[in-house]
>>> print(open('structure20.csv').read())   # CSV, C-alpha atoms
chain,number,residue,atom,x,y,z
A,1,MET,CA,0.0,0.0,0.0
A,2,ASP,CA,1.3,3.4,-1.0
A,3,ALA,CA,1.9,5.7,1.9
A,4,ALA,CA,-0.2,8.4,0.2
A,5,SER,CA,-3.0,6.1,-1.0
A,6,LEU,CA,-6.6,6.0,0.1
A,7,SER,CA,-8.4,2.9,1.3
A,8,LEU,CA,-11.3,1.9,-1.0
A,9,ASP,CA,-13.9,2.7,1.6
A,10,THR,CA,-12.5,6.2,2.2
A,11,ALA,CA,-12.2,6.8,-1.6
A,12,VAL,CA,-15.8,5.8,-2.1
A,13,GLU,CA,-17.0,7.9,0.8
A,14,ILE,CA,-15.3,11.1,-0.5
A,15,THR,CA,-16.3,10.5,-4.1
A,16,ARG,CA,-18.7,13.0,-5.7
A,17,THR,CA,-20.4,13.2,-9.0
A,18,GLY,CA,-17.9,13.9,-11.8
A,19,ASP,CA,-14.9,12.4,-10.0
A,20,LEU,CA,-12.9,10.1,-12.2
A,21,TRP,CA,-11.7,6.5,-11.4
A,22,LEU,CA,-8.7,5.5,-13.5
A,23,PHE,CA,-7.3,2.0,-14.0
A,24,ARG,CA,-4.1,0.4,-15.4
A,25,GLY,CA,-3.6,-3.3,-16.0
A,26,HIS,CA,-1.1,-5.6,-17.6
A,27,SER,CA,-3.1,-8.0,-19.8
A,28,ALA,CA,-2.6,-8.1,-23.5
A,29,ALA,CA,-5.9,-6.2,-24.0
A,30,ASP,CA,-4.8,-3.5,-21.5
A,31,ARG,CA,-1.5,-3.0,-23.2
A,32,ALA,CA,-3.1,-2.9,-26.6
A,33,ILE,CA,-5.4,-0.1,-25.5
A,34,ARG,CA,-2.5,1.9,-24.1
A,35,THR,CA,-0.4,1.3,-27.1
A,36,LEU,CA,-3.2,2.3,-29.5
A,37,THR,CA,-4.0,5.5,-27.7
A,38,ASN,CA,-0.6,6.3,-26.4
A,39,ALA,CA,-2.1,6.6,-22.9
A,40,PRO,CA,-0.6,5.7,-19.4
A,41,ILE,CA,-3.9,4.1,-18.4
A,42,ASN,CA,-6.4,1.8,-20.2
A,43,HIS,CA,-9.7,2.5,-18.4
A,44,VAL,CA,-11.6,5.5,-17.0
A,45,GLY,CA,-15.0,5.7,-15.3
A,46,MET,CA,-17.0,8.6,-13.9
A,47,ALA,CA,-18.6,8.6,-10.4
A,48,VAL,CA,-22.4,9.3,-10.1
A,49,VAL,CA,-23.4,10.2,-6.6
A,50,ILE,CA,-27.0,11.5,-6.3
A,51,ASP,CA,-29.6,11.6,-3.5
A,52,ASP,CA,-29.7,8.5,-1.3
A,53,LEU,CA,-28.3,6.1,-3.9
A,54,PRO,CA,-24.9,4.4,-3.2
A,55,PRO,CA,-22.0,5.9,-5.2
A,56,LEU,CA,-22.1,4.5,-8.8
A,57,MET,CA,-19.6,4.0,-11.6
A,58,TRP,CA,-20.5,5.1,-15.1
A,59,HIS,CA,-18.3,3.5,-17.7
A,60,ALA,CA,-18.1,1.0,-20.5
A,61,GLU,CA,-16.5,-2.5,-20.5
A,62,LEU,CA,-16.6,-5.8,-22.4
A,63,GLY,CA,-17.7,-7.9,-19.5
A,64,ARG,CA,-21.0,-8.3,-17.6
A,65,SER,CA,-19.6,-8.9,-14.2
A,66,LEU,CA,-22.0,-6.6,-12.3
A,67,ILE,CA,-25.7,-5.7,-12.4
A,68,ASP,CA,-26.4,-2.5,-14.3
A,69,MET,CA,-28.1,-0.2,-11.9
A,70,TRP,CA,-30.0,1.6,-14.6
A,71,THR,CA,-31.7,-1.4,-16.2
A,72,GLY,CA,-31.4,-4.0,-13.4
A,73,ASN,CA,-29.8,-6.4,-15.9
A,74,PHE,CA,-26.4,-8.0,-16.4
A,75,GLN,CA,-25.1,-6.6,-19.7
A,76,ARG,CA,-22.1,-5.7,-21.7
A,77,GLY,CA,-21.0,-2.3,-23.0
A,78,VAL,CA,-22.0,1.0,-21.4
A,79,GLN,CA,-23.0,0.3,-17.8
A,80,LEU,CA,-23.9,2.0,-14.4
A,81,HIS,CA,-22.5,-0.1,-11.5
A,82,ASP,CA,-22.1,0.1,-7.8
A,83,LEU,CA,-18.8,2.0,-7.5
A,84,ARG,CA,-17.3,-0.1,-4.8
A,85,ASP,CA,-18.1,-3.3,-6.5
A,86,SER,CA,-16.8,-2.0,-9.8
A,87,ALA,CA,-13.4,-1.1,-8.2
A,88,LEU,CA,-13.3,-4.6,-6.7
A,89,VAL,CA,-13.9,-6.2,-10.1
A,90,TRP,CA,-11.3,-4.1,-11.9
A,91,ALA,CA,-8.7,-4.7,-9.2
A,92,ASN,CA,-9.3,-8.4,-8.5
A,93,LYS,CA,-10.8,-9.9,-11.6
A,94,TYR,CA,-9.0,-7.8,-14.2
A,95,GLY,CA,-5.8,-7.2,-12.3
A,96,GLN,CA,-5.9,-3.4,-12.5
A,97,ARG,CA,-4.4,-0.7,-10.3
A,98,GLY,CA,-6.8,2.1,-9.4
A,99,TRP,CA,-6.7,5.8,-8.8
A,100,LEU,CA,-9.2,8.5,-7.8
A,101,ARG,CA,-9.1,11.9,-9.5
A,102,GLN,CA,-11.5,14.3,-7.9
A,103,LEU,CA,-13.4,17.1,-9.8
A,104,GLU,CA,-13.3,20.5,-8.2
A,105,GLY,CA,-16.2,22.8,-8.8
A,106,ASP,CA,-19.9,22.9,-8.0
A,107,ILE,CA,-22.2,20.6,-10.0
A,108,SER,CA,-25.5,22.4,-10.7
A,109,ARG,CA,-28.9,20.8,-11.1
A,110,SER,CA,-28.8,21.4,-14.8
A,111,ALA,CA,-25.5,19.5,-15.0
A,112,GLU,CA,-27.0,16.6,-13.1
A,113,ASP,CA,-29.9,16.6,-15.5
A,114,GLY,CA,-27.5,16.5,-18.4
A,115,MET,CA,-25.7,13.6,-16.8
A,116,LEU,CA,-29.0,11.6,-16.3
A,117,LYS,CA,-30.0,12.2,-19.9
A,118,ALA,CA,-26.6,10.9,-21.1
A,119,ILE,CA,-27.0,7.8,-18.9
A,120,ALA,CA,-30.5,7.2,-20.3
A,121,ARG,CA,-29.3,7.6,-23.9
A,122,LEU,CA,-26.0,5.6,-23.7
A,123,ASP,CA,-26.7,2.8,-21.2
A,124,GLY,CA,-26.4,-0.5,-22.9
A,125,THR,CA,-24.5,0.8,-26.0
A,126,PRO,CA,-22.1,-2.0,-27.1
A,127,PHE,CA,-18.4,-1.8,-26.6
A,128,PRO,CA,-16.5,-1.4,-29.9
A,129,THR,CA,-14.2,-4.0,-31.4
A,130,THR,CA,-10.5,-3.3,-31.4
A,131,ARG,CA,-10.6,-2.3,-35.1
A,132,ALA,CA,-13.6,0.0,-34.5
A,133,LEU,CA,-11.9,1.5,-31.5
A,134,ALA,CA,-8.8,2.3,-33.5
A,135,THR,CA,-10.9,3.7,-36.4
A,136,GLY,CA,-12.9,5.9,-34.0
A,137,TRP,CA,-9.8,7.2,-32.2
A,138,PHE,CA,-8.1,8.2,-35.4
A,139,SER,CA,-11.3,9.7,-37.0
A,140,GLY,CA,-11.8,11.8,-33.8
A,141,ARG,CA,-8.6,13.6,-34.7
A,142,LEU,CA,-9.8,14.7,-38.1
A,143,PRO,CA,-11.9,17.8,-38.9
A,144,ARG,CA,-15.6,16.9,-39.0
A,145,ARG,CA,-18.7,18.6,-40.3
A,146,ALA,CA,-21.3,17.0,-38.1
A,147,ALA,CA,-23.0,19.0,-35.4
A,148,PRO,CA,-21.0,19.5,-32.3
A,149,GLY,CA,-21.9,17.1,-29.5
A,150,GLU,CA,-23.5,14.6,-31.8
A,151,ASP,CA,-23.4,11.2,-30.1
A,152,GLN,CA,-25.8,8.9,-31.8
A,153,ARG,CA,-23.3,6.2,-32.1
A,154,GLU,CA,-23.5,2.4,-32.5
A,155,THR,CA,-20.7,1.7,-30.0
A,156,ALA,CA,-18.9,3.6,-27.2
A,157,TYR,CA,-15.8,2.9,-25.1
A,158,CYS,CA,-15.0,4.2,-21.7
A,159,ALA,CA,-13.3,7.5,-22.5
A,160,GLU,CA,-16.1,8.3,-25.0
A,161,VAL,CA,-18.7,7.7,-22.4
A,162,VAL,CA,-17.0,10.1,-19.9
A,163,ALA,CA,-16.4,12.7,-22.6
A,164,ILE,CA,-20.0,12.7,-23.8
A,165,THR,CA,-21.3,12.8,-20.2
A,166,TYR,CA,-18.9,15.7,-19.3
A,167,GLN,CA,-20.1,17.5,-22.5
A,168,ASP,CA,-23.7,17.1,-21.6
A,169,MET,CA,-23.0,18.3,-18.1
A,170,GLY,CA,-21.4,21.5,-19.5
A,171,LEU,CA,-17.9,20.5,-18.2
A,172,LEU,CA,-16.3,19.9,-21.5
A,173,PRO,CA,-16.6,22.0,-24.7
A,174,LYS,CA,-18.5,20.4,-27.6
A,175,HIS,CA,-16.2,21.4,-30.4
A,176,ARG,CA,-14.4,18.0,-30.3
A,177,ASP,CA,-16.1,14.7,-31.0
A,178,ALA,CA,-16.0,12.3,-28.1
A,179,THR,CA,-13.8,9.9,-30.0
A,180,TRP,CA,-11.0,12.4,-29.7
A,181,TYR,CA,-10.7,11.5,-26.0
A,182,ASP,CA,-8.8,8.4,-24.9
A,183,PRO,CA,-8.4,7.3,-21.2
A,184,GLY,CA,-5.0,9.1,-21.0
A,185,LYS,CA,-6.7,12.5,-21.7
A,186,PHE,CA,-8.2,12.2,-18.3
A,187,TRP,CA,-4.8,11.6,-16.6
A,188,SER,CA,-3.0,14.5,-15.1
A,189,GLY,CA,-0.3,14.4,-17.7
A,190,ASP,CA,-2.8,15.9,-20.2
A,191,GLU,CA,-4.1,19.4,-19.6
A,192,ILE,CA,-7.8,18.7,-20.3
A,193,GLU,CA,-9.9,21.7,-21.2
A,194,LEU,CA,-12.7,22.0,-18.7
A,195,ALA,CA,-15.3,24.7,-18.3
A,196,SER,CA,-14.5,27.8,-16.2
A,197,GLY,CA,-14.8,27.1,-12.5
A,198,PHE,CA,-13.8,23.4,-12.8
A,199,ARG,CA,-10.5,21.5,-12.5
A,200,LEU,CA,-9.4,18.0,-11.9
A,201,ALA,CA,-7.1,17.3,-8.9
A,202,ASP,CA,-4.1,15.0,-9.2
A,203,GLU,CA,-4.7,11.3,-9.0
A,204,VAL,CA,-4.5,9.5,-5.6
A,205,PRO,CA,-3.8,5.7,-5.6
A,206,VAL,CA,-6.6,3.6,-4.1
A,207,ASP,CA,-5.8,0.5,-2.1
A,208,ILE,CA,-8.4,-2.0,-3.2
A,209,PRO,CA,-8.9,-5.1,-1.0
A,210,ASP,CA,-9.3,-8.7,-2.2
A,211,GLU,CA,-13.0,-9.0,-1.7
A,212,ALA,CA,-15.9,-10.4,-3.7
A,213,PRO,CA,-18.4,-7.8,-5.0
A,214,LYS,CA,-22.0,-7.9,-3.8
A,215,THR,CA,-23.6,-7.4,-7.1
A,216,ALA,CA,-21.5,-9.9,-9.1
A,217,TYR,CA,-22.9,-12.0,-12.0
A,218,GLN,CA,-23.5,-15.5,-10.9
A,219,GLY,CA,-24.2,-17.1,-14.3
>>> encode(input="structure20.csv", output="structure tokens")
Amino acid sequence: MDAASLSLDTAVEITRTGDLWLFRGHSAADRAIRTLTNAPINHVGMAVVIDDLPPLMWHAELGRSLIDMWTGNFQRGVQLHDLRDSALVWANKYGQRGWLRQLEGDISRSAEDGMLKAIARLDGTPFPTTRALATGWFSGRLPRRAAPGEDQRETAYCAEVVAITYQDMGLLPKHRDATWYDPGKFWSGDEIELASGFRLADEVPVDIPDEAPKTAYQG
């Protein structure tokens, strides 16, 4: 355990809407994503903390390890999970190291509404194939004529989901397509362009225990 790290319970307790959870693994797929996008991490999710609900993780993944809190089903692709359980899965099932990066700034009611609309629109969207991921990442760096913020897409991966949601919340400008963002854009090494009044603090390592998640898929 790093001397400056947080326990998982403490990290979950202090997490607020818009905070980022970042992960780095060592599998072939993890390395392929980092190589493809030239990023230091291979996964990013956004915290959703509203009303009396437990803290949730909004992200996209290939597996269906946990129940989706939006639909009540076990599904692949874009998902809304119990945050603590999601961190346990990424650490213990996928062998990932995790960090918390907190968003500084006040989230308004309209920003929360934008977030919920993004969740309703994107939840269940399939995760792209490796080829589609590469094509999307490169096309996101080309000039485009489509309307800013357009996100009616057939697939979405983790960084796209966070980018679209941040855009719908008014935290990110809409002049870039969401495919421009890779997980590394949300790491402190990149100076991400947030709206006035918002900034992302540096990452803090999270010490994740070897536990079984409570909402795990049993099939």
>>> residues_near_point(input="structure20.csv", point="(-19.0, -1.1, -19.6)", cutoff="6 Å", atoms="all atoms listed in the file", output="PyMOL selection string")
chain A and resi 59-62+76-79
>>> write_last_selection(input="structure20.csv", atoms="C-alpha atoms", output="PDB file, in the frame of the given file")
ATOM      1  CA  HIS A  59     -18.300   3.500 -17.700  1.00  0.00           C
ATOM      2  CA  ALA A  60     -18.100   1.000 -20.500  1.00  0.00           C
ATOM      3  CA  GLU A  61     -16.500  -2.500 -20.500  1.00  0.00           C
ATOM      4  CA  LEU A  62     -16.600  -5.800 -22.400  1.00  0.00           C
ATOM      5  CA  ARG A  76     -22.100  -5.700 -21.700  1.00  0.00           C
ATOM      6  CA  GLY A  77     -21.000  -2.300 -23.000  1.00  0.00           C
ATOM      7  CA  VAL A  78     -22.000   1.000 -21.400  1.00  0.00           C
ATOM      8  CA  GLN A  79     -23.000   0.300 -17.800  1.00  0.00           C
TER       9      GLN A  79
END
>>> closest_residue(input="structure20.csv", among="A:Arg199, A:Arg121, A:His43, A:Arg176", to="A:Gly18", atoms="all atoms listed in the file")
A:Arg199
>>> closest_residue(input="structure20.csv", among="A:Ala4, A:Ile208, A:Leu80, A:Ala11", to="A:Gln96", atoms="all atoms listed in the file")
A:Ile208
>>> closest_residue(input="structure20.csv", among="A:Trp99, A:Ile192, A:Leu56, A:Ser5", to="A:Ser86", atoms="all atoms listed in the file")
A:Leu56
>>> closest_residue(input="structure20.csv", among="A:Asn42, A:Thr17, A:Asn73, A:Ser108", to="A:Gly95", atoms="all atoms listed in the file")
A:Asn42
>>> atom_distance(input="structure20.csv", atom1="atom CA of A:Leu53", atom2="atom CA of A:Ala118")
17.9 Å
>>> atom_distance(input="structure20.csv", atom1="atom CA of A:Gly189", atom2="atom CA of A:Thr165")
21.2 Å
>>> residues_around(input="structure20.csv", residues="A:Ala156", least_positions_apart="3", cutoff="7 Å", atoms="all atoms listed in the file", output="short mmCIF file (atom, residue, chain, number, x, y, z; two decimals) with C-alpha atoms, in the frame of the given file")
data_model
loop_
_atom_site.label_atom_id
_atom_site.label_comp_id
_atom_site.auth_asym_id
_atom_site.auth_seq_id
_atom_site.Cartn_x
_atom_site.Cartn_y
_atom_site.Cartn_z
CA THR A 125 -24.50 0.80 -26.00
CA PRO A 126 -22.10 -2.00 -27.10
CA PHE A 127 -18.40 -1.80 -26.60
CA PRO A 128 -16.50 -1.40 -29.90
CA GLU A 160 -16.10 8.30 -25.00
CA VAL A 161 -18.70 7.70 -22.40
#
>>> closest_residue(input="structure20.csv", among="A:Val162, A:Met169, A:Leu6, A:Ala178", to="A:Met115", atoms="all atoms listed in the file")
A:Met169
>>> closest_residue(input="structure20.csv", among="A:Ser65, A:Asn92, A:Thr71, A:Thr15", to="A:Ile50", atoms="only C-alpha atoms")
A:Thr15
>>> residues_near_point(input="structure20.csv", point="(-21.2, 18.0, -12.9)", cutoff="10 Å", atoms="all atoms listed in the file", output="NGL selection string")
:A and (16-19 or 48 or 103-115 or 165-171 or 198)
>>> atom_distance(input="structure20.csv", atom1="atom CA of A:Ile41", atom2="atom CA of A:Ile14")
22.3 Å
>>> build_atoms(input="structure20.csv", residues="stretch 51-75 of chain A", atoms="N, CA, C and O atoms", output="PDB file, in the frame of the given file")
ATOM      1  N   ASP A  51     -28.545  11.884  -4.490  1.00  0.00           N
ATOM      2  CA  ASP A  51     -29.600  11.600  -3.500  1.00  0.00           C
ATOM      3  C   ASP A  51     -29.115  10.493  -2.544  1.00  0.00           C
ATOM      4  O   ASP A  51     -28.003  10.521  -2.053  1.00  0.00           O
ATOM      5  N   ASP A  52     -29.997   9.523  -2.294  1.00  0.00           N
ATOM      6  CA  ASP A  52     -29.700   8.500  -1.300  1.00  0.00           C
ATOM      7  C   ASP A  52     -29.140   7.210  -1.949  1.00  0.00           C
ATOM      8  O   ASP A  52     -28.973   6.189  -1.274  1.00  0.00           O
ATOM      9  N   LEU A  53     -28.848   7.259  -3.249  1.00  0.00           N
ATOM     10  CA  LEU A  53     -28.300   6.100  -3.900  1.00  0.00           C
ATOM     11  C   LEU A  53     -26.839   5.874  -3.475  1.00  0.00           C
ATOM     12  O   LEU A  53     -26.134   6.833  -3.149  1.00  0.00           O
ATOM     13  N   PRO A  54     -26.362   4.633  -3.480  1.00  0.00           N
ATOM     14  CA  PRO A  54     -24.900   4.400  -3.200  1.00  0.00           C
ATOM     15  C   PRO A  54     -24.114   4.997  -4.362  1.00  0.00           C
ATOM     16  O   PRO A  54     -24.627   5.157  -5.474  1.00  0.00           O
ATOM     17  N   PRO A  55     -22.861   5.362  -4.119  1.00  0.00           N
ATOM     18  CA  PRO A  55     -22.000   5.900  -5.200  1.00  0.00           C
ATOM     19  C   PRO A  55     -21.936   4.869  -6.353  1.00  0.00           C
ATOM     20  O   PRO A  55     -21.772   3.661  -6.124  1.00  0.00           O
ATOM     21  N   LEU A  56     -22.051   5.368  -7.569  1.00  0.00           N
ATOM     22  CA  LEU A  56     -22.100   4.500  -8.800  1.00  0.00           C
ATOM     23  C   LEU A  56     -20.933   4.838  -9.693  1.00  0.00           C
ATOM     24  O   LEU A  56     -20.376   5.938  -9.655  1.00  0.00           O
ATOM     25  N   MET A  57     -20.592   3.866 -10.546  1.00  0.00           N
ATOM     26  CA  MET A  57     -19.600   4.000 -11.600  1.00  0.00           C
ATOM     27  C   MET A  57     -20.216   3.972 -12.945  1.00  0.00           C
ATOM     28  O   MET A  57     -20.885   2.992 -13.283  1.00  0.00           O
ATOM     29  N   TRP A  58     -20.000   5.025 -13.746  1.00  0.00           N
ATOM     30  CA  TRP A  58     -20.500   5.100 -15.100  1.00  0.00           C
ATOM     31  C   TRP A  58     -19.395   4.933 -16.074  1.00  0.00           C
ATOM     32  O   TRP A  58     -18.465   5.729 -16.133  1.00  0.00           O
ATOM     33  N   HIS A  59     -19.448   3.821 -16.849  1.00  0.00           N
ATOM     34  CA  HIS A  59     -18.300   3.500 -17.700  1.00  0.00           C
ATOM     35  C   HIS A  59     -18.749   2.474 -18.755  1.00  0.00           C
ATOM     36  O   HIS A  59     -19.943   2.146 -18.868  1.00  0.00           O
ATOM     37  N   ALA A  60     -17.788   1.974 -19.525  1.00  0.00           N
ATOM     38  CA  ALA A  60     -18.100   1.000 -20.500  1.00  0.00           C
ATOM     39  C   ALA A  60     -17.017  -0.139 -20.434  1.00  0.00           C
ATOM     40  O   ALA A  60     -15.835   0.142 -20.221  1.00  0.00           O
ATOM     41  N   GLU A  61     -17.466  -1.387 -20.577  1.00  0.00           N
ATOM     42  CA  GLU A  61     -16.500  -2.500 -20.500  1.00  0.00           C
ATOM     43  C   GLU A  61     -17.086  -3.672 -21.332  1.00  0.00           C
ATOM     44  O   GLU A  61     -18.285  -3.746 -21.631  1.00  0.00           O
ATOM     45  N   LEU A  62     -16.209  -4.606 -21.663  1.00  0.00           N
ATOM     46  CA  LEU A  62     -16.600  -5.800 -22.400  1.00  0.00           C
ATOM     47  C   LEU A  62     -17.403  -6.782 -21.618  1.00  0.00           C
ATOM     48  O   LEU A  62     -18.280  -7.469 -22.137  1.00  0.00           O
ATOM     49  N   GLY A  63     -17.100  -6.884 -20.319  1.00  0.00           N
ATOM     50  CA  GLY A  63     -17.700  -7.900 -19.500  1.00  0.00           C
ATOM     51  C   GLY A  63     -19.092  -7.533 -18.984  1.00  0.00           C
ATOM     52  O   GLY A  63     -19.580  -6.416 -19.170  1.00  0.00           O
ATOM     53  N   ARG A  64     -19.715  -8.488 -18.302  1.00  0.00           N
ATOM     54  CA  ARG A  64     -21.000  -8.300 -17.600  1.00  0.00           C
ATOM     55  C   ARG A  64     -20.905  -8.807 -16.217  1.00  0.00           C
ATOM     56  O   ARG A  64     -21.732  -9.617 -15.778  1.00  0.00           O
ATOM     57  N   SER A  65     -19.896  -8.377 -15.500  1.00  0.00           N
ATOM     58  CA  SER A  65     -19.600  -8.900 -14.200  1.00  0.00           C
ATOM     59  C   SER A  65     -20.579  -8.432 -13.109  1.00  0.00           C
ATOM     60  O   SER A  65     -20.792  -9.117 -12.103  1.00  0.00           O
ATOM     61  N   LEU A  66     -21.157  -7.237 -13.290  1.00  0.00           N
ATOM     62  CA  LEU A  66     -22.000  -6.600 -12.300  1.00  0.00           C
ATOM     63  C   LEU A  66     -23.355  -6.239 -12.821  1.00  0.00           C
ATOM     64  O   LEU A  66     -23.504  -6.006 -14.024  1.00  0.00           O
ATOM     65  N   ILE A  67     -24.336  -6.127 -11.934  1.00  0.00           N
ATOM     66  CA  ILE A  67     -25.700  -5.700 -12.400  1.00  0.00           C
ATOM     67  C   ILE A  67     -25.632  -4.227 -12.754  1.00  0.00           C
ATOM     68  O   ILE A  67     -24.978  -3.409 -12.119  1.00  0.00           O
ATOM     69  N   ASP A  68     -26.312  -3.914 -13.847  1.00  0.00           N
ATOM     70  CA  ASP A  68     -26.400  -2.500 -14.300  1.00  0.00           C
ATOM     71  C   ASP A  68     -27.537  -1.867 -13.485  1.00  0.00           C
ATOM     72  O   ASP A  68     -28.685  -2.314 -13.489  1.00  0.00           O
ATOM     73  N   MET A  69     -27.196  -0.803 -12.770  1.00  0.00           N
ATOM     74  CA  MET A  69     -28.100  -0.200 -11.900  1.00  0.00           C
ATOM     75  C   MET A  69     -29.215   0.638 -12.590  1.00  0.00           C
ATOM     76  O   MET A  69     -30.191   1.054 -11.970  1.00  0.00           O
ATOM     77  N   TRP A  70     -29.040   0.879 -13.879  1.00  0.00           N
ATOM     78  CA  TRP A  70     -30.000   1.600 -14.600  1.00  0.00           C
ATOM     79  C   TRP A  70     -31.148   0.678 -15.140  1.00  0.00           C
ATOM     80  O   TRP A  70     -32.327   1.005 -15.090  1.00  0.00           O
ATOM     81  N   THR A  71     -30.745  -0.498 -15.633  1.00  0.00           N
ATOM     82  CA  THR A  71     -31.700  -1.400 -16.200  1.00  0.00           C
ATOM     83  C   THR A  71     -32.063  -2.589 -15.280  1.00  0.00           C
ATOM     84  O   THR A  71     -33.083  -3.253 -15.469  1.00  0.00           O
ATOM     85  N   GLY A  72     -31.211  -2.863 -14.301  1.00  0.00           N
ATOM     86  CA  GLY A  72     -31.400  -4.000 -13.400  1.00  0.00           C
ATOM     87  C   GLY A  72     -30.974  -5.322 -14.058  1.00  0.00           C
ATOM     88  O   GLY A  72     -31.260  -6.397 -13.519  1.00  0.00           O
ATOM     89  N   ASN A  73     -30.250  -5.242 -15.164  1.00  0.00           N
ATOM     90  CA  ASN A  73     -29.800  -6.400 -15.900  1.00  0.00           C
ATOM     91  C   ASN A  73     -28.279  -6.557 -15.840  1.00  0.00           C
ATOM     92  O   ASN A  73     -27.576  -5.594 -15.573  1.00  0.00           O
ATOM     93  N   PHE A  74     -27.789  -7.765 -16.149  1.00  0.00           N
ATOM     94  CA  PHE A  74     -26.400  -8.000 -16.400  1.00  0.00           C
ATOM     95  C   PHE A  74     -26.152  -7.833 -17.890  1.00  0.00           C
ATOM     96  O   PHE A  74     -26.781  -8.532 -18.683  1.00  0.00           O
ATOM     97  N   GLN A  75     -25.296  -6.910 -18.297  1.00  0.00           N
ATOM     98  CA  GLN A  75     -25.100  -6.600 -19.700  1.00  0.00           C
ATOM     99  C   GLN A  75     -23.702  -6.200 -20.007  1.00  0.00           C
ATOM    100  O   GLN A  75     -22.928  -5.888 -19.105  1.00  0.00           O
TER     101      GLN A  75
END
